[in-house]
$ cat coords_12.cif   # mmCIF, C-alpha atoms and all ligand atoms
data_target
#
loop_
_atom_site.label_atom_id
_atom_site.label_comp_id
_atom_site.auth_asym_id
_atom_site.auth_seq_id
_atom_site.Cartn_x
_atom_site.Cartn_y
_atom_site.Cartn_z
CA SER B 1 0.00 0.00 0.00
CA LYS B 2 0.93 3.67 -0.28
CA LEU B 3 1.20 3.97 3.47
CA GLU B 4 3.60 1.06 3.66
CA ARG B 5 5.74 2.48 0.86
CA GLU B 6 5.92 5.86 2.58
CA PHE B 7 6.72 4.12 5.80
CA PHE B 8 9.60 2.13 4.35
CA GLU B 9 11.03 5.26 2.77
CA LEU B 10 10.87 6.95 6.12
CA GLN B 11 12.40 3.91 7.78
CA ASP B 12 15.40 4.17 5.42
CA GLN B 13 15.84 7.82 6.30
CA LEU B 14 15.53 6.98 9.95
CA ALA B 15 18.21 4.32 9.87
CA GLU B 16 20.62 7.15 9.15
CA ASN B 17 20.14 8.63 12.61
CA ARG B 18 21.64 5.50 14.11
CA ASP B 19 24.93 7.03 15.13
CA GLN B 20 23.50 10.23 16.50
CA PRO B 21 22.70 10.55 20.19
CA ALA B 22 19.03 11.01 21.05
CA THR B 23 18.19 14.57 22.03
CA THR B 24 15.07 16.68 22.21
CA ALA B 25 14.56 19.76 20.01
CA ASP B 26 15.99 21.89 22.85
CA GLY B 27 19.04 19.69 23.30
CA GLN B 28 18.05 17.58 26.30
CA PRO B 29 19.84 14.22 26.03
CA LEU B 30 17.65 11.11 26.20
CA GLN B 31 18.44 7.45 26.50
CA LEU B 32 16.65 5.20 24.04
CA LEU B 33 17.23 1.59 25.00
CA ALA B 34 16.16 -1.71 23.47
CA ASN B 35 13.99 -4.54 24.80
CA ILE B 36 15.41 -7.91 23.81
CA ASN B 37 14.37 -11.55 24.19
CA SER B 38 17.66 -13.22 23.26
CA TRP B 39 21.21 -12.49 22.14
CA VAL B 40 20.00 -12.49 18.52
CA ASP B 41 18.10 -9.27 19.23
CA THR B 42 21.28 -7.45 20.28
CA LYS B 43 22.05 -7.15 16.57
CA ALA B 44 18.84 -5.21 16.03
CA ALA B 45 19.59 -3.08 19.10
CA VAL B 46 22.93 -2.09 17.56
CA ALA B 47 21.53 -1.67 14.05
CA MET B 48 18.71 0.57 15.21
CA GLY B 49 20.97 2.81 17.27
CA ALA B 50 19.79 2.02 20.81
CA CYS B 51 22.29 3.19 23.45
CA GLY B 52 21.94 -0.01 25.47
CA VAL B 53 19.58 -2.82 26.41
CA GLY B 54 16.96 -1.63 28.88
CA LEU B 55 15.19 -4.98 29.26
CA TYR B 56 16.49 -8.46 28.64
CA ARG B 57 13.59 -10.87 29.16
CA THR B 58 15.47 -13.95 30.37
CA GLU B 59 12.45 -16.25 30.29
CA PHE B 60 13.15 -17.14 26.67
CA LEU B 61 16.41 -18.73 27.77
CA TYR B 62 14.37 -20.97 30.04
CA LEU B 63 11.58 -21.59 27.55
CA THR B 64 13.99 -22.80 24.90
CA HIS B 65 15.68 -25.33 27.19
CA ALA B 66 14.39 -28.80 27.94
CA ASP B 67 15.65 -28.43 31.50
CA VAL B 68 16.63 -25.57 33.82
CA PRO B 69 19.65 -23.86 32.23
CA ASP B 70 22.54 -24.31 34.64
CA GLU B 71 24.79 -21.56 35.95
CA GLU B 72 27.47 -21.99 33.27
CA GLU B 73 24.94 -21.95 30.44
CA GLN B 74 23.41 -18.78 31.84
CA LEU B 75 26.83 -17.24 32.36
CA ASP B 76 27.69 -17.85 28.70
CA ASP B 77 24.42 -16.36 27.56
CA TYR B 78 24.68 -13.24 29.74
CA ARG B 79 28.32 -12.68 28.77
CA ARG B 80 27.46 -12.91 25.11
CA ILE B 81 24.61 -10.46 25.52
CA ILE B 82 26.73 -7.98 27.47
CA GLU B 83 29.50 -8.28 24.89
CA GLN B 84 27.17 -7.65 21.94
CA SER B 85 24.92 -4.97 23.42
CA PRO B 86 25.43 -1.30 22.59
CA ASN B 87 27.90 0.25 25.06
CA HIS B 88 27.93 -3.05 26.97
CA ARG B 89 24.94 -1.73 28.83
CA VAL B 90 22.30 -4.27 29.81
CA THR B 91 19.49 -4.52 32.31
CA ILE B 92 18.80 -8.19 32.98
CA ARG B 93 15.39 -9.15 34.33
CA THR B 94 15.06 -12.32 36.36
CA LEU B 95 12.69 -15.05 35.25
CA ASP B 96 9.17 -13.73 34.62
CA ILE B 97 7.24 -16.89 34.04
CA GLY B 98 3.83 -18.24 35.05
CA GLY B 99 0.76 -16.31 34.05
CA ASP B 100 0.51 -17.12 30.37
CA LYS B 101 4.01 -18.62 29.97
CA THR B 102 4.87 -21.92 31.61
CA VAL B 103 7.81 -24.32 31.52
CA PRO B 104 7.24 -28.02 31.99
CA TYR B 105 10.17 -28.57 34.37
CA LEU B 106 8.75 -26.15 36.93
CA GLY B 107 5.76 -28.36 37.47
CA HIS B 108 2.95 -26.13 36.36
CA ALA B 109 0.50 -28.98 36.46
CA HIS B 110 -2.53 -27.36 38.01
CA GLN B 111 -4.50 -24.78 36.10
CA GLU B 112 -4.98 -21.52 37.94
CA ALA B 113 -8.30 -19.72 37.76
CA ASN B 114 -6.51 -16.36 37.50
CA PRO B 115 -2.99 -16.97 36.23
CA PHE B 116 -2.10 -13.28 35.97
CA LEU B 117 -3.11 -12.79 39.60
CA GLY B 118 -1.46 -15.99 40.62
CA TRP B 119 1.78 -17.82 40.83
CA ARG B 120 3.95 -15.93 38.39
CA SER B 121 7.17 -14.04 38.14
CA ILE B 122 8.98 -13.13 41.38
CA ARG B 123 6.38 -15.11 43.34
CA LEU B 124 7.44 -18.25 41.57
CA SER B 125 11.15 -17.42 41.91
CA PHE B 126 10.82 -17.13 45.69
CA GLU B 127 9.47 -20.67 45.79
CA HIS B 128 12.38 -21.98 43.75
CA PRO B 129 15.30 -20.53 45.71
CA ASP B 130 17.86 -22.78 44.02
CA LEU B 131 16.80 -21.76 40.56
CA PHE B 132 16.55 -18.11 41.64
CA THR B 133 19.97 -18.07 43.28
CA THR B 134 21.53 -19.72 40.25
CA GLN B 135 20.27 -16.92 38.08
CA ILE B 136 21.50 -14.21 40.45
CA ARG B 137 24.91 -15.92 40.63
CA ALA B 138 25.20 -16.05 36.86
CA VAL B 139 24.34 -12.35 36.48
CA LEU B 140 26.78 -11.22 39.19
CA ARG B 141 29.52 -13.31 37.62
CA ALA B 142 28.76 -12.16 34.07
CA ALA B 143 29.14 -8.57 35.25
CA ALA B 144 32.63 -9.14 36.64
CA ASP B 145 34.46 -8.01 33.52
CA VAL B 146 32.24 -5.05 32.81
CA LYS B 147 34.28 -1.96 33.53
CA GLY B 148 34.68 1.42 31.92
CA GLN B 149 32.79 4.54 31.00
CA GLY B 150 29.08 3.97 30.41
CA ARG B 151 29.31 0.20 30.70
CA GLU B 152 26.87 -1.27 33.14
CA VAL B 153 25.01 -4.43 34.03
CA ARG B 154 21.91 -4.00 36.14
CA LEU B 155 19.70 -6.66 37.67
CA MET B 156 15.98 -6.15 37.98
CA PHE B 157 13.14 -8.06 39.54
CA PRO B 158 9.69 -8.31 37.96
CA MET B 159 6.28 -7.87 39.54
CA ILE B 160 7.42 -6.53 42.91
CA THR B 161 4.27 -5.90 44.94
CA THR B 162 5.43 -5.12 48.49
CA LEU B 163 8.37 -3.69 50.41
CA GLU B 164 8.81 -7.08 52.07
CA GLU B 165 9.40 -8.73 48.70
CA MET B 166 12.04 -6.19 47.79
CA ARG B 167 13.75 -6.71 51.16
CA ARG B 168 13.75 -10.43 50.52
CA VAL B 169 15.34 -9.86 47.12
CA ARG B 170 18.06 -7.67 48.62
CA THR B 171 18.82 -10.26 51.27
CA MET B 172 19.12 -12.96 48.65
CA VAL B 173 21.41 -10.85 46.50
CA ARG B 174 23.59 -9.97 49.52
CA ARG B 175 23.94 -13.63 50.55
CA THR B 176 24.65 -14.68 47.00
CA LYS B 177 27.42 -12.07 46.73
CA GLN B 178 28.97 -13.25 50.00
CA GLN B 179 28.86 -16.82 48.80
CA LEU B 180 30.58 -15.96 45.53
CA GLN B 181 33.22 -13.93 47.34
CA GLN B 182 33.91 -16.84 49.68
CA GLU B 183 34.37 -19.05 46.65
CA GLY B 184 36.79 -16.51 45.23
CA GLN B 185 34.63 -15.85 42.18
CA PRO B 186 35.02 -12.40 40.67
CA ILE B 187 31.74 -10.44 40.58
CA GLY B 188 30.64 -7.06 39.25
CA GLU B 189 29.02 -3.98 40.75
CA VAL B 190 25.40 -4.55 39.85
CA PRO B 191 22.67 -2.01 40.67
CA ILE B 192 19.46 -3.69 41.88
CA GLY B 193 16.11 -2.48 40.61
CA MET B 194 12.41 -3.24 40.66
CA MET B 195 9.93 -3.41 37.88
CA LEU B 196 7.00 -1.24 38.73
CA GLU B 197 4.02 -3.11 37.28
CA VAL B 198 1.66 -3.66 40.19
CA PRO B 199 -0.57 -0.77 41.32
CA ALA B 200 0.11 -1.53 45.01
CA ALA B 201 3.81 -0.87 44.43
CA ALA B 202 3.00 2.40 42.68
CA VAL B 203 0.94 3.53 45.66
CA SER B 204 3.70 2.72 48.17
CA LEU B 205 6.66 3.52 45.96
CA ASP B 206 7.96 6.14 48.39
CA CYS B 207 8.54 3.32 50.93
CA ILE B 208 10.05 0.79 48.54
CA MET B 209 12.21 3.41 46.85
CA ASP B 210 14.71 3.52 49.73
CA ILE B 211 15.98 0.04 48.97
CA VAL B 212 16.13 0.05 45.19
CA ASP B 213 18.86 1.52 42.98
CA PHE B 214 16.53 2.09 40.04
CA VAL B 215 12.96 1.65 38.85
CA SER B 216 11.71 0.37 35.52
CA ILE B 217 8.03 0.88 34.76
CA GLY B 218 6.48 -2.18 33.11
CA SER B 219 3.53 -0.32 31.70
CA ASN B 220 2.05 -3.35 29.90
CA ASP B 221 1.34 -5.10 33.16
CA LEU B 222 0.84 -1.92 35.20
CA ILE B 223 -2.00 -0.90 32.87
CA GLN B 224 -3.73 -4.29 32.87
CA TYR B 225 -3.58 -4.50 36.67
CA LEU B 226 -4.66 -0.90 37.13
CA MET B 227 -7.65 -1.37 34.84
CA ALA B 228 -8.37 -4.94 36.05
CA ALA B 229 -8.48 -5.97 32.38
CA ASP B 230 -6.46 -8.80 30.85
CA ARG B 231 -4.23 -7.27 28.21
CA ASP B 232 -4.57 -10.37 26.01
CA ASN B 233 -8.33 -10.75 26.23
CA PRO B 234 -9.95 -9.05 23.22
CA LYS B 235 -13.25 -8.81 25.06
CA VAL B 236 -11.83 -6.42 27.65
CA ASN B 237 -8.47 -5.13 26.48
CA HIS B 238 -10.01 -1.98 25.03
CA LEU B 239 -9.78 -0.83 28.66
CA CYS B 240 -5.98 -1.05 28.52
CA GLN B 241 -5.30 2.42 27.15
CA PRO B 242 -1.94 4.04 27.84
CA LEU B 243 -3.49 7.44 27.14
CA SER B 244 -6.31 7.07 29.65
CA PRO B 245 -6.45 9.64 32.48
CA PRO B 246 -6.00 7.09 35.31
CA VAL B 247 -2.94 5.56 33.64
CA LEU B 248 -1.42 8.98 33.02
CA ARG B 249 -1.99 10.00 36.64
CA VAL B 250 -0.25 6.93 38.00
CA LEU B 251 2.68 7.27 35.60
CA HIS B 252 3.06 10.94 36.45
CA SER B 253 3.14 10.17 40.14
CA VAL B 254 5.66 7.34 39.74
CA ILE B 255 8.03 9.37 37.56
CA ARG B 256 7.83 12.36 39.91
CA THR B 257 8.52 10.18 42.95
CA CYS B 258 11.59 8.68 41.27
CA ASN B 259 12.94 12.01 40.06
CA GLN B 260 12.45 13.61 43.48
CA ALA B 261 14.37 10.75 45.09
CA GLN B 262 16.97 10.99 42.30
CA LYS B 263 16.51 7.33 41.42
CA PRO B 264 16.99 6.46 37.75
CA VAL B 265 13.67 5.59 36.15
CA THR B 266 12.98 3.89 32.81
CA LEU B 267 9.76 2.80 31.14
CA CYS B 268 9.98 -0.47 29.20
CA GLY B 269 6.39 -1.20 28.13
CA GLU B 270 4.99 -0.85 24.61
CA MET B 271 3.93 2.75 25.14
CA ALA B 272 7.59 3.86 25.12
CA GLY B 273 7.42 3.40 21.34
CA GLN B 274 4.08 5.16 20.84
CA PRO B 275 4.45 8.79 19.75
CA ARG B 276 1.69 10.45 21.78
CA ALA B 277 2.57 8.53 24.93
CA PHE B 278 6.28 9.15 24.39
CA VAL B 279 5.76 12.91 24.34
CA LEU B 280 3.58 12.87 27.46
CA LEU B 281 6.20 10.79 29.28
CA LEU B 282 8.81 13.37 28.28
CA GLY B 283 6.56 16.03 29.79
CA MET B 284 6.38 13.99 33.01
CA GLY B 285 10.17 14.09 33.29
CA LEU B 286 11.05 10.66 31.92
CA ARG B 287 14.44 10.59 30.13
CA GLN B 288 15.04 6.85 29.65
CA PHE B 289 12.82 4.77 27.40
CA SER B 290 13.19 1.11 26.52
CA MET B 291 11.35 -0.32 23.51
CA SER B 292 11.46 -2.87 20.70
CA PRO B 293 14.57 -2.02 18.66
CA ALA B 294 12.46 -1.20 15.58
CA PHE B 295 10.93 1.79 17.37
CA VAL B 296 14.20 3.45 18.38
CA PRO B 297 14.86 5.37 15.13
CA ARG B 298 11.31 6.72 15.05
CA MET B 299 11.35 7.91 18.63
CA LYS B 300 14.76 9.46 18.06
CA LYS B 301 13.31 11.44 15.17
CA LEU B 302 10.22 12.43 17.10
CA ALA B 303 12.29 13.55 20.12
CA SER B 304 14.36 15.82 17.87
CA GLU B 305 11.16 17.63 16.90
CA VAL B 306 9.77 18.19 20.40
CA SER B 307 11.19 20.43 23.13
CA ILE B 308 10.82 19.70 26.83
CA PRO B 309 8.77 22.88 27.49
CA ALA B 310 6.42 21.94 24.64
CA ALA B 311 5.99 18.42 26.07
CA GLU B 312 5.40 19.84 29.55
CA GLU B 313 2.79 22.21 28.24
CA MET B 314 0.95 19.39 26.46
CA LEU B 315 1.02 17.30 29.61
CA GLN B 316 -0.44 20.11 31.69
CA ARG B 317 -3.38 20.42 29.32
CA VAL B 318 -3.85 16.68 29.07
CA LEU B 319 -3.99 16.22 32.85
CA GLU B 320 -7.19 18.29 32.84
CA PHE B 321 -8.99 15.91 30.48
CA LYS B 322 -11.40 13.35 31.83
CA THR B 323 -11.51 10.84 28.97
CA THR B 324 -9.06 8.94 26.76
CA ALA B 325 -10.75 10.29 23.63
CA GLU B 326 -10.00 13.87 24.64
CA VAL B 327 -6.35 13.03 25.35
CA LYS B 328 -5.96 11.30 22.00
CA ARG B 329 -7.63 14.08 20.05
CA PHE B 330 -5.59 16.80 21.72
CA MET B 331 -2.27 15.00 21.26
CA THR B 332 -2.97 14.15 17.64
CA ARG B 333 -3.85 17.75 16.84
CA ASN B 334 -0.78 19.13 18.59
CA LEU B 335 1.75 16.63 17.34
CA ARG B 336 0.61 17.16 13.76
CA LYS B 337 1.76 20.75 14.07
CA ILE B 338 5.24 20.07 15.39
CA ALA B 339 6.00 16.61 14.01
CA PRO B 340 4.31 16.19 10.63
CA ASP B 341 5.50 12.58 10.30
CA PHE B 342 4.11 11.45 13.58
CA GLU B 343 0.99 9.73 12.28
CA LEU B 344 3.07 7.72 9.89
CA LEU B 345 5.36 6.83 12.78
CA ASP B 346 2.33 5.72 14.74
CA SER B 347 0.73 3.70 11.98
CA VAL B 348 2.88 0.64 11.37
C1 LIG C 1 5.67 -4.79 30.98
O1 LIG C 1 4.92 -5.42 31.71
O2 LIG C 1 5.45 -3.64 30.58
C2 LIG C 1 6.94 -5.38 30.52
C3 LIG C 1 7.83 -4.66 29.87
O3 LIG C 1 7.15 -6.71 30.75
P1 LIG C 1 6.46 -7.86 29.89
O4 LIG C 1 5.84 -7.20 28.69
O5 LIG C 1 7.57 -8.80 29.58
O6 LIG C 1 5.47 -8.39 30.87
MG MG C 2 5.55 -7.24 32.70
#
$ encode --input "coords_12.cif" --output "structure tokens" --more "lines below"
Ligand code: PEP
Ligand code: MG
Amino acid sequence: SKLEREFFELQDQLAENRDQPATTADGQPLQLLANINSWVDTKAAVAMGACGVGLYRTEFLYLTHADVPDEEEQLDDYRRIIEQSPNHRVTIRTLDIGGDKTVPYLGHAHQEANPFLGWRSIRLSFEHPDLFTTQIRAVLRAAADVKGQGREVRLMFPMITTLEEMRRVRTMVRRTKQQLQQEGQPIGEVPIGMMLEVPAAAVSLDCIMDIVDFVSIGSNDLIQYLMAADRDNPKVNHLCQPLSPPVLRVLHSVIRTCNQAQKPVTLCGEMAGQPRAFVLLLGMGLRQFSMSPAFVPRMKKLASEVSIPAAEEMLQRVLEFKTTAEVKRFMTRNLRKIAPDFELLDSV
């Protein structure tokens, strides 16, 4: 179609911005990072000009193995990913399984009535301390050689709901480090973060904040839990709207809380690659975005056309709206003026 042709032309143009840093129209530097599912995706992250990997979903490593991948296998995988990622910058997320994804060797025999409210993610990891510790060991060891300007390996934990869970995570990481040191294994400096994807954690973020080094907003899950609507169920997922007033309020509050506490904050859900949401997040003070590699060039282009004051002004207006439709209409009208390509960027 015509739209596709125009899009591919634009995509070619966009690929040329690969080596330029991401900045807003008024020169504010941004970090556009890539979400990856395996080492293969690091090639796309490099090709698309991401400045690092903001989310490595490790579950695919587990899903593609017939048995639990052992520490050495994981170590090899994480080393390869670190080596091949832009700037050797990677945020590794521990196993996020259960819910809709299961692995046979973890004994997921019984069907849960509400898998997304059930035994998934960090909840499952806590019940498999050996498996969990193995993963933490492999990450700490893989980070041992990572030194130098801008290089960084971070470890983050999905679906944190309470302060107690985060304390438990920290204790496990501390013990694991001690163990490795006793064994004489070299380990790296690894910041510890939480994924913010449960509304309860958003409400009490000021308490949890003290014991995390960074926050990454998992907006896909945060939205479905906030709206009590399964993101994969076509009967109800129309409720999962990133541009809805309740979602925007929660995101605004989370980003402000992080910035006030001077904790690095990233957003790694799909909305990071959606133009209207991207601009509103900029207005909220977000400076790090992690998305599918394919979206990086487009968001880099869009950012170069929007200044921070313009984004802040749009956000202020949008926060007065009471419905998603009003937010969408307003953002479409305004972005058309400053970023003529934006609808094309939004369309494919
Ligand atoms: C999210 O929930 O927004 C997220 C990035 O994690 P996943 O999509 O893997 O659940
Ligand atoms: Mg998630």
$ residues_near_ligand --input "coords_12.cif" --ligand "ligand MG 2 (chain C)" --cutoff "12 Å" --atoms "all atoms listed in the file" --output "count of residues only"
43
$ atom_distance --input "coords_12.cif" --atom1 "CA of Ala272 (chain B)" --atom2 "CA of Arg79 (chain B)"
26.8 Å
$ atom_distance --input "coords_12.cif" --atom1 "CA of Val146 (chain B)" --atom2 "CA of Asp130 (chain B)"
25.4 Å
$ atom_distance --input "coords_12.cif" --atom1 "CA of Val173 (chain B)" --atom2 "CA of Tyr105 (chain B)"
24.2 Å
$ axis_aligned_box --input "coords_12.cif" --around "ligand LIG 1 (chain C)" --padding-each-side "4 Å" --output "lines of an AutoDock Vina configuration file"
center_x = 6.4
center_y = -6.2
center_z = 30.2
size_x = 10.9
size_y = 13.2
size_z = 11.0
$ residues_around --input "coords_12.cif" --residues "Val279 (chain B)" --least-positions-apart "2" --cutoff "8 Å" --atoms "only C-alpha atoms" --output "ChimeraX atom specification"
/B:275-277,281-283,303,306,311
$ closest_residue --input "coords_12.cif" --among "B:Cys51, B:Ala45, B:Leu226, B:Met299" --to "ligand LIG 1 (chain C)" --atoms "only C-alpha atoms and all ligand atoms"
B:Leu226
$ residues_around --input "coords_12.cif" --residues "region 176-186 of chain B" --least-positions-apart "5" --cutoff "8 Å" --atoms "all atoms listed in the file" --output "list in words"
Thr133, Ile136, Arg137, Leu140, Arg141 and Ala144 of chain B
$ closest_residue --input "coords_12.cif" --among "B:Lys322, B:Arg287, B:Lys301, B:Lys328" --to "Arg249 (chain B)" --atoms "all atoms listed in the file"
B:Lys322
$ residues_around --input "coords_12.cif" --residues "Asp19 (chain B)" --least-positions-apart "4" --cutoff "9 Å" --atoms "all atoms listed in the file" --output "list in words"
Ala15, Met48 and Gly49 of chain B
$ write_last_selection --input "coords_12.cif" --atoms "C-alpha atoms" --output "tab-separated table (two decimals), keeping the file's coordinate frame"
chain	number	residue	atom	x	y	z
B	15	ALA	CA	18.21	4.32	9.87
B	48	MET	CA	18.71	0.57	15.21
B	49	GLY	CA	20.97	2.81	17.27
$ closest_residue --input "coords_12.cif" --among "B:Asp213, B:Glu83, B:Asp26, B:Asp230" --to "Cys258 (chain B)" --atoms "only C-alpha atoms"
B:Asp213
$ closest_residue --input "coords_12.cif" --among "B:Ser244, B:Ser292, B:Thr171, B:Thr23" --to "Arg329 (chain B)" --atoms "only C-alpha atoms"
B:Ser244
$ residues_around --input "coords_12.cif" --residues "Leu32 (chain B)" --least-positions-apart "4" --cutoff "10 Å" --atoms "only C-alpha atoms" --output "PyMOL selection string"
chain B and resi 21-23+49-54+266+272-273+287-291+293+295-297+299-300
$ closest_residue --input "coords_12.cif" --among "B:Val139, B:Met271, B:Val40, B:Leu286" --to "ligand LIG 1 (chain C)" --atoms "only C-alpha atoms and all ligand atoms"
B:Met271
$ closest_residue --input "coords_12.cif" --among "B:Lys263, B:Arg89, B:Met172, B:Glu71" --to "Gly148 (chain B)" --atoms "only C-alpha atoms"
B:Arg89
$ residues_around --input "coords_12.cif" --residues "Val250 (chain B)" --least-positions-apart "3" --cutoff "9 Å" --atoms "all atoms listed in the file" --output "list in words"
Pro199, Ala202, Val203, Pro245, Pro246, Val247, Ser253, Val254 and Ile255 of chain B
$ decode --input "coords_12.cif" --residues "region 322-330 of chain B" --atoms "all heavy atoms" --output "CSV table (one decimal), in the first residue's frame"
chain,number,residue,atom,x,y,z
B,322,LYS,N,-10.8,14.4,31.0
B,322,LYS,CA,-11.4,13.3,31.8
B,322,LYS,C,-11.6,12.0,31.1
B,322,LYS,O,-11.9,11.0,31.6
B,322,LYS,CB,-12.8,13.8,32.3
B,322,LYS,CG,-12.7,15.0,33.3
B,322,LYS,CD,-14.1,15.4,33.8
B,322,LYS,CE,-14.0,16.5,34.9
B,322,LYS,NZ,-13.6,17.8,34.3
B,323,THR,N,-11.3,12.1,29.8
B,323,THR,CA,-11.5,10.8,29.0
B,323,THR,C,-10.3,10.6,28.1
B,323,THR,O,-9.6,11.5,27.7
B,323,THR,CB,-12.8,10.9,28.1
B,323,THR,OG1,-12.6,12.0,27.1
B,323,THR,CG2,-14.0,11.2,28.9
B,324,THR,N,-10.1,9.3,27.7
B,324,THR,CA,-9.1,8.9,26.8
B,324,THR,C,-9.2,9.6,25.4
B,324,THR,O,-8.3,10.1,24.8
B,324,THR,CB,-9.1,7.4,26.6
B,324,THR,OG1,-9.1,6.8,27.8
B,324,THR,CG2,-7.9,6.9,25.8
B,325,ALA,N,-10.5,9.7,25.0
B,325,ALA,CA,-10.7,10.3,23.6
B,325,ALA,C,-10.2,11.7,23.6
B,325,ALA,O,-9.6,12.1,22.6
B,325,ALA,CB,-12.2,10.2,23.3
B,326,GLU,N,-10.5,12.5,24.6
B,326,GLU,CA,-10.0,13.9,24.6
B,326,GLU,C,-8.5,13.9,24.6
B,326,GLU,O,-7.9,14.8,23.9
B,326,GLU,CB,-10.5,14.6,25.9
B,326,GLU,CG,-11.9,15.0,25.9
B,326,GLU,CD,-12.3,15.4,27.3
B,326,GLU,OE1,-12.5,14.6,28.2
B,326,GLU,OE2,-12.4,16.6,27.5
B,327,VAL,N,-7.8,13.1,25.3
B,327,VAL,CA,-6.3,13.0,25.4
B,327,VAL,C,-5.8,12.7,23.9
B,327,VAL,O,-4.9,13.4,23.4
B,327,VAL,CB,-5.8,12.0,26.3
B,327,VAL,CG1,-4.3,11.9,26.3
B,327,VAL,CG2,-6.3,12.3,27.8
B,328,LYS,N,-6.4,11.7,23.3
B,328,LYS,CA,-6.0,11.3,22.0
B,328,LYS,C,-6.1,12.4,21.0
B,328,LYS,O,-5.2,12.7,20.2
B,328,LYS,CB,-6.7,10.1,21.5
B,328,LYS,CG,-6.3,8.8,22.2
B,328,LYS,CD,-7.0,7.6,21.6
B,328,LYS,CE,-6.5,6.3,22.2
B,328,LYS,NZ,-7.3,5.2,21.7
B,329,ARG,N,-7.3,13.0,21.0
B,329,ARG,CA,-7.6,14.1,20.0
B,329,ARG,C,-6.7,15.2,20.2
B,329,ARG,O,-6.1,15.7,19.2
B,329,ARG,CB,-9.1,14.6,20.2
B,329,ARG,CG,-9.8,14.9,19.0
B,329,ARG,CD,-11.3,15.3,19.2
B,329,ARG,NE,-12.0,14.3,20.0
B,329,ARG,CZ,-12.7,14.7,21.1
B,329,ARG,NH1,-12.7,15.9,21.5
B,329,ARG,NH2,-13.4,13.7,21.7
B,330,PHE,N,-6.5,15.7,21.4
B,330,PHE,CA,-5.6,16.8,21.7
B,330,PHE,C,-4.2,16.5,21.3
B,330,PHE,O,-3.5,17.3,20.6
B,330,PHE,CB,-5.6,17.1,23.2
B,330,PHE,CG,-4.7,18.2,23.6
B,330,PHE,CD1,-5.0,19.5,23.5
B,330,PHE,CD2,-3.4,17.9,24.1
B,330,PHE,CE1,-4.1,20.5,23.9
B,330,PHE,CE2,-2.5,18.9,24.5
B,330,PHE,CZ,-2.9,20.2,24.4
